[in-house]
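Data block below; observations after.
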Amino acid sequence: MTDSVEPTARDVAEFMVGMISPTGNLYQQSVAHKIKVQFGEAFVYRNKQRNWGIAKAVLVEFNKLTSGGDLDLVWVRSGQYWRKRKSTDSAGRMAK
């Protein structure tokens, strides 16, 4: 008999990092659906607009993995996606 290990928020965040496109973009709606299918509804939720969102615990881990260094992403609220930081971006995680 084998023990099954439940996925963690960190596991899901690492999965998200693996889903970043070659251009450095990651769209929330697309990745949230993939998380739901692969890891279950424990890591996603329906927001007020009835779209799938990503659980806060996953986002905390994702931010740790994508802050600084070679993989430094910012959130583009208007497009609901993450992208690689540009030299023109201000400090912080939100793109202007």
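By convention in this document, the chains of the structure tokens carry letters A, B, ... by their order, each chain's residues are numbered from 1, and ligands are numbered from 1 in the order they are shown.
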(request) Extract the full set of strand (DSSP E) residues from chain A according to DSSP on the backbone, and format it as number ranges by chain. (result) A: 26-27, 44-46, 52-54, 73-76, 81-84
(request) Show which residues sit within 9 Å of region 43-56 of chain A, as number ranges by chain. Count only C-alpha atoms, and ignore same-chain residues fewer than 4 positions away. (result) A: 8-9, 12, 28-33, 35-36, 39, 60-61
Write a file of the selected residues as a CSV table (one decimal), in the first residue's frame, keeping all heavy atoms.
```csv
chain,number,residue,atom,x,y,z
A,8,THR,N,0.3,20.6,-1.8
A,8,THR,CA,0.3,21.8,-1.0
A,8,THR,C,0.2,23.1,-1.8
A,8,THR,O,0.3,23.0,-3.1
A,8,THR,CB,1.6,21.9,-0.2
A,8,THR,OG1,2.7,22.1,-1.2
A,8,THR,CG2,1.9,20.7,0.6
A,9,ALA,N,0.0,24.2,-1.2
A,9,ALA,CA,0.0,25.5,-1.9
A,9,ALA,C,1.3,25.7,-2.7
A,9,ALA,O,1.3,26.2,-3.8
A,9,ALA,CB,-0.3,26.6,-1.0
A,12,VAL,N,1.3,23.8,-5.9
A,12,VAL,CA,0.5,24.4,-6.9
A,12,VAL,C,1.2,25.7,-7.5
A,12,VAL,O,1.2,25.9,-8.7
A,12,VAL,CB,-0.9,24.8,-6.3
A,12,VAL,CG1,-1.7,25.6,-7.4
A,12,VAL,CG2,-1.7,23.6,-5.9
A,28,GLN,N,-4.5,34.4,-15.4
A,28,GLN,CA,-5.1,33.9,-14.3
A,28,GLN,C,-6.3,32.9,-14.6
A,28,GLN,O,-6.3,31.8,-14.1
A,28,GLN,CB,-5.7,35.0,-13.4
A,28,GLN,CG,-6.5,34.4,-12.2
A,28,GLN,CD,-7.0,35.5,-11.2
A,28,GLN,OE1,-6.2,36.4,-10.9
A,28,GLN,NE2,-8.2,35.4,-10.9
A,29,GLN,N,-7.1,33.3,-15.5
A,29,GLN,CA,-8.3,32.5,-15.9
A,29,GLN,C,-7.8,31.1,-16.4
A,29,GLN,O,-8.4,30.1,-16.0
A,29,GLN,CB,-9.2,33.2,-16.9
A,29,GLN,CG,-10.5,32.5,-17.2
A,29,GLN,CD,-11.4,32.5,-16.0
A,29,GLN,OE1,-11.4,33.3,-15.1
A,29,GLN,NE2,-12.3,31.5,-15.9
A,30,SER,N,-6.8,31.1,-17.2
A,30,SER,CA,-6.3,29.8,-17.8
A,30,SER,C,-5.7,29.0,-16.8
A,30,SER,O,-6.0,27.8,-16.6
A,30,SER,CB,-5.3,30.2,-18.9
A,30,SER,OG,-4.8,29.0,-19.4
A,31,VAL,N,-4.8,29.5,-16.0
A,31,VAL,CA,-4.1,28.7,-15.0
A,31,VAL,C,-5.0,28.3,-13.8
A,31,VAL,O,-4.9,27.2,-13.3
A,31,VAL,CB,-2.8,29.4,-14.5
A,31,VAL,CG1,-3.1,30.5,-13.5
A,31,VAL,CG2,-1.9,28.4,-13.8
A,32,ALA,N,-6.0,29.1,-13.5
A,32,ALA,CA,-6.9,28.7,-12.4
A,32,ALA,C,-7.7,27.5,-12.9
A,32,ALA,O,-7.9,26.6,-12.1
A,32,ALA,CB,-7.9,29.9,-12.1
A,33,HIS,N,-8.1,27.5,-14.1
A,33,HIS,CA,-8.9,26.3,-14.6
A,33,HIS,C,-8.0,25.1,-14.6
A,33,HIS,O,-8.4,24.0,-14.1
A,33,HIS,CB,-9.4,26.5,-16.0
A,33,HIS,CG,-10.0,25.3,-16.6
A,33,HIS,ND1,-11.2,24.9,-16.3
A,33,HIS,CD2,-9.5,24.4,-17.6
A,33,HIS,CE1,-11.5,23.8,-16.9
A,33,HIS,NE2,-10.5,23.5,-17.7
A,35,ILE,N,-5.4,24.5,-12.6
A,35,ILE,CA,-5.2,24.2,-11.2
A,35,ILE,C,-6.4,23.4,-10.7
A,35,ILE,O,-6.3,22.3,-10.0
A,35,ILE,CB,-5.0,25.4,-10.3
A,35,ILE,CG1,-3.7,26.1,-10.6
A,35,ILE,CG2,-5.2,25.1,-8.8
A,35,ILE,CD1,-3.5,27.4,-10.0
A,36,LYS,N,-7.6,23.8,-11.0
A,36,LYS,CA,-8.9,23.2,-10.6
A,36,LYS,C,-8.9,21.7,-11.1
A,36,LYS,O,-9.2,20.8,-10.4
A,36,LYS,CB,-10.1,23.9,-11.1
A,36,LYS,CG,-11.4,23.3,-10.8
A,36,LYS,CD,-12.5,24.1,-11.3
A,36,LYS,CE,-13.9,23.5,-11.2
A,36,LYS,NZ,-14.1,22.5,-12.3
A,39,PHE,N,-5.4,19.9,-9.5
A,39,PHE,CA,-5.3,19.8,-8.0
A,39,PHE,C,-6.6,19.8,-7.2
A,39,PHE,O,-6.6,19.6,-6.0
A,39,PHE,CB,-4.4,21.0,-7.5
A,39,PHE,CG,-3.0,20.9,-8.1
A,39,PHE,CD1,-2.6,21.6,-9.2
A,39,PHE,CD2,-2.0,20.1,-7.5
A,39,PHE,CE1,-1.3,21.6,-9.7
A,39,PHE,CE2,-0.7,20.0,-8.0
A,39,PHE,CZ,-0.4,20.8,-9.1
A,60,VAL,N,0.5,33.5,-2.2
A,60,VAL,CA,1.6,33.8,-1.3
A,60,VAL,C,2.8,33.0,-1.8
A,60,VAL,O,3.9,33.6,-1.9
A,60,VAL,CB,1.2,33.5,0.1
A,60,VAL,CG1,2.4,33.5,1.0
A,60,VAL,CG2,0.2,34.5,0.6
A,61,GLU,N,2.7,31.7,-2.0
A,61,GLU,CA,3.8,30.9,-2.4
A,61,GLU,C,4.3,31.3,-3.8
A,61,GLU,O,5.5,31.4,-4.1
A,61,GLU,CB,3.4,29.4,-2.4
A,61,GLU,CG,3.2,28.9,-1.0
A,61,GLU,CD,4.4,29.0,-0.1
A,61,GLU,OE1,5.5,28.8,-0.5
A,61,GLU,OE2,4.2,29.2,1.1
```
(request) Determine which residues of chain A DSSP labels as alpha helix (DSSP H) from the backbone of this structure, then write them out as a ChimeraX atom specification. (result) /A:9-18,28-39,56-65
(request) Tell me, as a list of chain:residue names, which residues lie within 12 Å of Pro22 (chain A), counting only C-alpha atoms; anything in the same chain fewer than 3 positions away does not count. (result)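 That gives A:Val17, A:Gly18, A:Met19, A:Asn25, A:Leu26, A:Leu71, A:Arg83, A:Lys84.
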(request) Have a look at CA of Ala91 (chain A) and CA of Phe15 (chain A) and let me know their distance in Å, one decimal. (result) 25.6 Å
(request) Go through A:Gly24, A:Glu41, A:Met16, A:Met94 one by one, measure the shortest atom-to-atom distance of each to Asp70 (chain A) using only C-alpha atoms, and give the residue with the smallest value. (result)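 Closest candidate: A:Gly24.
For Ser78 (chain A), the list of residues within 10 Å, based on only C-alpha atoms and with local chain neighbours fewer than 2 positions off taken out, reads Trp75, Val76, Gln80, Tyr81, Ala95 and Lys96 of chain A.
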(request) Quick one: everything within 8 Å of Ala13 (chain A), counting only C-alpha atoms, minus sequence neighbours fewer than 6 positions away in the same chain. Send it as a list of chain:residue names. (result) A:Val58, A:Leu59, A:Glu61, A:Phe62, A:Leu65
(message) Between CA of Gly68 (chain A) and CA of Gly92 (chain A), what is the distance in Å, rounded to a tenth?
(response)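 Answer for the CA of Gly68 (chain A) to CA of Gly92 (chain A) separation: 10.4 Å.
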